[in-house]
Amino acid sequence: MTKQLHIPFLNHAPVRKLALALLLGFCGVCHHTLAQDTSQMTFSLLTAAPGDQAYNIFGHTALRMNSQETGRDVVFNYGTFDPSMDHFILKFLRGKLPYHLSISQYDRFLRTYEAEGRAIWEQPIILDDAGKKKLFAFLQNNYLPENREYLYDFFFDNCSTRLRDLFETELPGFNYVDLEEKDITYRQMLDQYLHGKEWTDLGIDLIIGSIADAKADYRQQMFLPDYLHNYAFNMSYGQDGQTTLVSKSEKVLYLDRIQHKSLFITPMKLFLFFLLVELFLFISAPAQHWGLVRVYDNIWYFAISVVCIVVAFMWFGTDHQACGANYNLLWANPLFIFIFISSLRKKISVKALTLCTMLLAGVVLLWTFLPQQFHSATLPIILLFIIKNVRRIKNNLRLEKNLASVK
């Protein structure tokens with residue numbers, strides 16, 4: 001049995017007439033929006049320059065729609081999410097954060113990027129009326145609450161690939177012409193944006209696995225907005241497949257590209273310094289008896305244990321495809337966790353140290369043959385731990401020998 005909603009003030013005739021008029025007016029506006037003349041619309045691809053933060057360092061892509069009939073000038077943006085949602089940080093880390101399609105005013109979009117100091121390029125899209133209808137219908141349907149959310153994936157499903165897929169699937173006869181594909185891996189593409197951001201580069205190389213060292217074909221390269229911008233000139237559609245999608249790129253927000261400046265202390269400088277410290281501790285006889293050396297060693301064993309846990313979590317505990325098959329676990333391996341715990345108990349295992357050292361040496365010997373490119377700053381870290389482990393092994397064996405002689 002259906003319950004009737006009873007609202008007393010709607011029983012008055014004048015109020016009912018006003019409510020009906022407002023309802024019909026609202027429906028009329030909605031119908032007008034759905035049925036507006038697409039021939040008066042223009043679409044363009046917007047490409048924002050990279051920013052200075054980790055979340056925007058690779059740029060951004062959006063789609064502008066300008067209707068002369070209605071005066072609407074809006075931006076369709078697939079790169080938005082709700083930071084106020086429950087368990088936001090956990091969802092973000094686990095790769096379960098839903099992104100969604102949003103719509104904002106074009107002038108507001110410009111002001112946001114102007115505040116961030118990021119330039120914007122616009123590529124007017126050449127569309128016939130049928131193409132405009134297809135794009136407009138797709139965007140309207142995709143903006144429905146039940147359709148607008150998607151599970152973001154850094155390499156394979158993001159703001160840039162969504163627009164690439166839109167063009168490929170919605171424009172009849174779509175193809176690529178005169179395409180010169182760049183031979184490059186995902187990791188090499190990311191490195192182009194990380195000059196002067198050495199610590200960010202190290203962090204990314206630690207958590208992204210061997211999938212980043214696969215060759216990316218021209219479609220896959222368009223996960224980066226700059227590549228979508230460049231390959232858009234090679235996109236065509238139509239019955240003969242010869243109608244060019246874009247023919248020019250205009251800078252609509254005139255700002256210089258942000259230049260990243262390296263910090264004085266880079267990962268390579270820092271870890272080379274500590275490698276020299278380790279060499280000193282290894283060859284210095286008095287240093288073998290310093291109590292602070294054990295504390296120093298434990299700090300290093302703790303740090304690499306944390307790296308091991310983070311890398312393992314990003315591989316096995318999340319849905320981030322890019323973090324799978326991460327060979328960094330060969331050198332930042334679980335043996336260090338056991339070594340750290342046993343070191344705290346002052347009963348460090350010579351066998352564990354020996355096995356760990358052999359594994360580290362193997363990584364160095366097979367450095368160029370492994371299926372994953374490691375960050376260059378990890379090499380002095382690995383050498384540091386090889387020397388540290390050998391020193392600890394020698395000290396333990398000497399201690400055991402001294403104890404045996406006393407007995």
# chains A, B, ... in the order shown; residues from 1 in each chain; ligands from 1
$ residues_around --residues "Met65 of chain A" --least-positions-apart "6" --cutoff "9 Å" --atoms "only C-alpha atoms" --output "JSON, numbers by chain"
{"A": [41, 42, 43, 44, 72, 73, 74, 75, 76, 106, 136]}
$ select_by_dssp --residues "segment 140-277 of chain A" --states "helix (DSSP H, G or I)" --output "VMD selection string"
chain A and resid 140 to 142 159 to 170 186 to 191 198 to 207 210 to 213 218 to 221 225 to 234 267 to 277
$ residues_around --residues "Lys269 of chain A" --least-positions-apart "4" --cutoff "12 Å" --atoms "only C-alpha atoms" --output "tab-separated table (two decimals) with N, CA and C atoms, in the first residue's frame"
chain	number	residue	atom	x	y	z
A	198	GLU	N	64.01	15.94	-7.17
A	198	GLU	CA	64.69	14.66	-6.99
A	198	GLU	C	64.08	13.82	-5.87
A	199	TRP	N	63.61	14.43	-4.81
A	199	TRP	CA	63.02	13.65	-3.72
A	199	TRP	C	61.67	13.06	-4.13
A	262	SER	N	66.27	22.39	-7.87
A	262	SER	CA	66.74	21.32	-7.00
A	262	SER	C	67.10	21.86	-5.63
A	263	LEU	N	66.81	21.07	-4.61
A	263	LEU	CA	67.28	21.39	-3.27
A	263	LEU	C	68.79	21.17	-3.20
A	264	PHE	N	69.43	21.85	-2.27
A	264	PHE	CA	70.87	21.68	-2.13
A	264	PHE	C	71.21	20.24	-1.78
A	265	ILE	N	70.42	19.65	-0.89
A	265	ILE	CA	70.65	18.25	-0.50
A	265	ILE	C	69.73	17.37	-1.34
A	273	PHE	N	77.11	10.69	0.98
A	273	PHE	CA	77.73	11.13	2.23
A	273	PHE	C	77.68	10.00	3.28
A	274	PHE	N	76.50	9.40	3.44
A	274	PHE	CA	76.38	8.33	4.43
A	274	PHE	C	77.15	7.08	4.00
A	275	LEU	N	77.35	6.89	2.71
A	275	LEU	CA	78.19	5.78	2.25
A	275	LEU	C	79.63	6.01	2.70
A	276	LEU	N	80.11	7.24	2.63
A	276	LEU	CA	81.45	7.56	3.12
A	276	LEU	C	81.54	7.36	4.63
A	376	SER	N	68.66	5.94	-9.27
A	376	SER	CA	70.12	5.91	-9.15
A	376	SER	C	70.58	6.07	-7.70
A	377	ALA	N	69.81	6.81	-6.89
A	377	ALA	CA	70.21	7.05	-5.49
A	377	ALA	C	70.08	5.80	-4.63
A	378	THR	N	69.42	4.75	-5.14
A	378	THR	CA	69.32	3.52	-4.35
A	378	THR	C	70.63	2.73	-4.37
A	379	LEU	N	71.48	2.98	-5.36
A	379	LEU	CA	72.74	2.25	-5.43
A	379	LEU	C	73.64	2.54	-4.23
A	380	PRO	N	73.90	3.82	-3.87
A	380	PRO	CA	74.69	4.04	-2.65
A	380	PRO	C	74.01	3.51	-1.39
A	381	ILE	N	72.68	3.46	-1.37
A	381	ILE	CA	71.98	2.88	-0.21
A	381	ILE	C	72.29	1.39	-0.11
$ residues_around --residues "Ala48 of chain A" --least-positions-apart "3" --cutoff "6 Å" --atoms "only C-alpha atoms" --output "PDB file with N, CA and C atoms, in the first residue's frame"
ATOM      1  N   GLY A  59      50.440  17.843 -14.897  1.00  0.00           N
ATOM      2  CA  GLY A  59      49.493  18.586 -15.716  1.00  0.00           C
ATOM      3  C   GLY A  59      48.063  18.090 -15.580  1.00  0.00           C
ATOM      4  N   HIS A  60      47.191  18.668 -16.391  1.00  0.00           N
ATOM      5  CA  HIS A  60      45.772  18.326 -16.300  1.00  0.00           C
ATOM      6  C   HIS A  60      45.098  18.582 -17.647  1.00  0.00           C
ATOM      7  N   ALA A 119      49.945  27.775 -16.718  1.00  0.00           N
ATOM      8  CA  ALA A 119      49.427  28.199 -18.019  1.00  0.00           C
ATOM      9  C   ALA A 119      48.400  27.186 -18.539  1.00  0.00           C
ATOM     10  N   ILE A 120      47.545  27.637 -19.476  1.00  0.00           N
ATOM     11  CA  ILE A 120      46.544  26.768 -20.094  1.00  0.00           C
ATOM     12  C   ILE A 120      46.561  26.982 -21.606  1.00  0.00           C
TER      13      ILE A 120
END
$ closest_residue --among "A:Val293, A:Ala62, A:Ala54, A:Ala322" --to "Phe156 of chain A" --atoms "only C-alpha atoms"
A:Ala322
$ atom_distance --atom1 "atom CA of Ile348 of chain A" --atom2 "atom CA of Asn396 of chain A"
8.1 Å
$ closest_residue --among "A:Thr169, A:Asn147, A:Ser210, A:Ser342" --to "Gln321 of chain A" --atoms "only C-alpha atoms"
A:Ser210
$ residues_around --residues "Gly241 of chain A" --least-positions-apart "4" --cutoff "10 Å" --atoms "only C-alpha atoms" --output "list of chain:residue names"
A:Leu171, A:Pro172, A:Gly173, A:Phe174, A:Asn175, A:Tyr176, A:Val177, A:Met235, A:Ser236, A:Tyr237
$ write_last_selection --atoms "C-alpha atoms" --output "PDB file, in the first residue's frame"
ATOM      1  CA  LEU A 171      33.263  10.234 -33.228  1.00  0.00           C
ATOM      2  CA  PRO A 172      32.434   8.072 -36.254  1.00  0.00           C
ATOM      3  CA  GLY A 173      35.345   7.033 -38.445  1.00  0.00           C
ATOM      4  CA  PHE A 174      37.870   8.089 -35.813  1.00  0.00           C
ATOM      5  CA  ASN A 175      41.507   7.262 -36.543  1.00  0.00           C
ATOM      6  CA  TYR A 176      45.058   8.559 -36.215  1.00  0.00           C
ATOM      7  CA  VAL A 177      46.929   9.923 -39.238  1.00  0.00           C
ATOM      8  CA  MET A 235      43.303  12.664 -34.667  1.00  0.00           C
ATOM      9  CA  SER A 236      40.796  12.541 -37.517  1.00  0.00           C
ATOM     10  CA  TYR A 237      37.218  11.357 -37.967  1.00  0.00           C
TER      11      TYR A 237
END
$ atom_distance --atom1 "atom CA of Phe223 of chain A" --atom2 "atom CA of Glu181 of chain A"
14.4 Å
$ select_by_dssp --residues "segment 46-244 of chain A" --states "strand (DSSP E)" --output "mmCIF file with C-alpha atoms, in the first residue's frame"
data_model
loop_
_atom_site.group_PDB
_atom_site.id
_atom_site.type_symbol
_atom_site.label_atom_id
_atom_site.label_comp_id
_atom_site.auth_asym_id
_atom_site.auth_seq_id
_atom_site.Cartn_x
_atom_site.Cartn_y
_atom_site.Cartn_z
ATOM 1 C CA LEU A 46 42.072 22.411 -22.406
ATOM 2 C CA THR A 47 45.566 21.430 -21.282
ATOM 3 C CA ALA A 48 46.953 22.852 -18.038
ATOM 4 C CA HIS A 60 45.772 18.326 -16.300
ATOM 5 C CA THR A 61 43.229 17.969 -19.117
ATOM 6 C CA ALA A 62 39.595 19.095 -19.368
ATOM 7 C CA LEU A 63 36.948 19.767 -22.019
ATOM 8 C CA ARG A 64 35.338 23.164 -22.587
ATOM 9 C CA MET A 65 31.826 23.581 -23.982
ATOM 10 C CA ASN A 66 30.638 27.040 -24.999
ATOM 11 C CA SER A 67 27.013 27.554 -26.134
ATOM 12 C CA ASP A 73 30.563 28.452 -20.955
ATOM 13 C CA VAL A 74 31.519 25.439 -18.856
ATOM 14 C CA VAL A 75 34.338 22.971 -18.322
ATOM 15 C CA PHE A 76 33.810 19.218 -18.022
ATOM 16 C CA ASN A 77 36.457 17.925 -15.648
ATOM 17 C CA TYR A 78 37.203 14.242 -14.966
ATOM 18 C CA GLY A 79 39.893 15.034 -12.405
ATOM 19 C CA THR A 80 37.777 15.875 -9.352
ATOM 20 C CA PRO A 98 36.295 7.447 -6.658
ATOM 21 C CA TYR A 99 36.914 10.346 -9.028
ATOM 22 C CA HIS A 100 34.005 11.926 -10.871
ATOM 23 C CA LEU A 101 33.032 14.147 -13.757
ATOM 24 C CA SER A 102 32.290 17.687 -12.599
ATOM 25 C CA ILE A 103 31.116 20.841 -14.366
ATOM 26 C CA SER A 104 32.426 24.312 -13.532
ATOM 27 C CA GLN A 105 32.280 27.753 -15.098
ATOM 28 C CA ILE A 120 46.544 26.768 -20.094
ATOM 29 C CA TRP A 121 46.428 25.911 -23.793
ATOM 30 C CA GLU A 122 43.177 25.567 -25.717
ATOM 31 C CA GLN A 123 42.663 23.482 -28.859
ATOM 32 C CA PRO A 124 39.365 24.221 -30.622
ATOM 33 C CA ILE A 125 37.785 20.940 -31.745
ATOM 34 C CA GLU A 149 31.973 8.308 -10.800
ATOM 35 C CA TYR A 150 34.871 6.102 -11.842
ATOM 36 C CA LEU A 151 37.804 4.397 -10.144
ATOM 37 C CA ASN A 175 41.507 7.262 -36.543
ATOM 38 C CA TYR A 176 45.058 8.559 -36.215
ATOM 39 C CA MET A 235 43.303 12.664 -34.667
ATOM 40 C CA SER A 236 40.796 12.541 -37.517
ATOM 41 C CA TYR A 237 37.218 11.357 -37.967
ATOM 42 C CA THR A 243 38.397 15.457 -40.927
ATOM 43 C CA THR A 244 41.089 16.826 -38.625
#
$ atom_distance --atom1 "atom CA of Asp297 of chain A" --atom2 "atom CA of Ser343 of chain A"
8.9 Å
$ residues_around --residues "Gly324 of chain A" --least-positions-apart "2" --cutoff "12 Å" --atoms "only C-alpha atoms" --output "list in words"
Leu206, Ile207, Ile208, Gly209, Ser210, Ile211, Ala212, Asp213, Val311, Ala312, Phe313, Met314, Trp315, Phe316, Gly317, Thr318, Asp319, His320, Gln321, Ala322, Asn326, Tyr327, Asn328, Leu329 and Gln372 of chain A
$ write_last_selection --atoms "C-alpha atoms" --output "PDB file, in the first residue's frame"
ATOM      1  CA  LEU A 206      60.202   3.454  -4.793  1.00  0.00           C
ATOM      2  CA  ILE A 207      56.469   2.748  -4.938  1.00  0.00           C
ATOM      3  CA  ILE A 208      55.947   2.252  -8.696  1.00  0.00           C
ATOM      4  CA  GLY A 209      56.793  -1.231  -9.863  1.00  0.00           C
ATOM      5  CA  SER A 210      58.136  -2.844 -13.002  1.00  0.00           C
ATOM      6  CA  ILE A 211      54.972  -2.068 -14.983  1.00  0.00           C
ATOM      7  CA  ALA A 212      56.351   1.467 -15.312  1.00  0.00           C
ATOM      8  CA  ASP A 213      59.276   0.094 -17.306  1.00  0.00           C
ATOM      9  CA  VAL A 311      56.498  -0.927  -0.841  1.00  0.00           C
ATOM     10  CA  ALA A 312      54.858  -4.226   0.131  1.00  0.00           C
ATOM     11  CA  PHE A 313      51.655  -2.463   1.184  1.00  0.00           C
ATOM     12  CA  MET A 314      51.424  -0.502  -2.070  1.00  0.00           C
ATOM     13  CA  TRP A 315      51.890  -3.752  -4.014  1.00  0.00           C
ATOM     14  CA  PHE A 316      49.734  -6.208  -2.075  1.00  0.00           C
ATOM     15  CA  GLY A 317      47.417  -3.959  -0.081  1.00  0.00           C
ATOM     16  CA  THR A 318      46.148  -1.588  -2.762  1.00  0.00           C
ATOM     17  CA  ASP A 319      44.487  -1.622  -6.176  1.00  0.00           C
ATOM     18  CA  HIS A 320      47.124   0.638  -7.767  1.00  0.00           C
ATOM     19  CA  GLN A 321      48.187  -1.275 -10.875  1.00  0.00           C
ATOM     20  CA  ALA A 322      51.316   0.849 -11.181  1.00  0.00           C
ATOM     21  CA  ASN A 326      57.869  -3.966  -7.494  1.00  0.00           C
ATOM     22  CA  TYR A 327      61.427  -5.330  -7.515  1.00  0.00           C
ATOM     23  CA  ASN A 328      62.539  -2.749  -4.949  1.00  0.00           C
ATOM     24  CA  LEU A 329      61.633  -5.471  -2.466  1.00  0.00           C
ATOM     25  CA  GLN A 372      62.796  -2.748 -13.318  1.00  0.00           C
TER      26      GLN A 372
END
$ residues_around --residues "Phe58 of chain A" --least-positions-apart "2" --cutoff "10 Å" --atoms "only C-alpha atoms" --output "list of chain:residue names"
A:Ala48, A:Ala49, A:Pro50, A:Gly51, A:Asp52, A:Gln53, A:Ala54, A:Tyr55, A:Asn56, A:His60, A:Met189, A:Leu190, A:Gln192, A:Tyr193, A:Leu194, A:Phe223, A:Leu224, A:Pro225, A:Asp226
$ closest_residue --among "A:Thr112, A:Pro267, A:Lys388, A:Trp300" --to "Gly203 of chain A" --atoms "only C-alpha atoms"
A:Pro267
$ closest_residue --among "A:Leu353, A:Ile304, A:Leu366, A:Leu179" --to "Tyr218 of chain A" --atoms "only C-alpha atoms"
A:Leu179
$ closest_residue --among "A:Asn234, A:Gln242, A:Ser39, A:Thr161" --to "Glu180 of chain A" --atoms "only C-alpha atoms"
A:Asn234
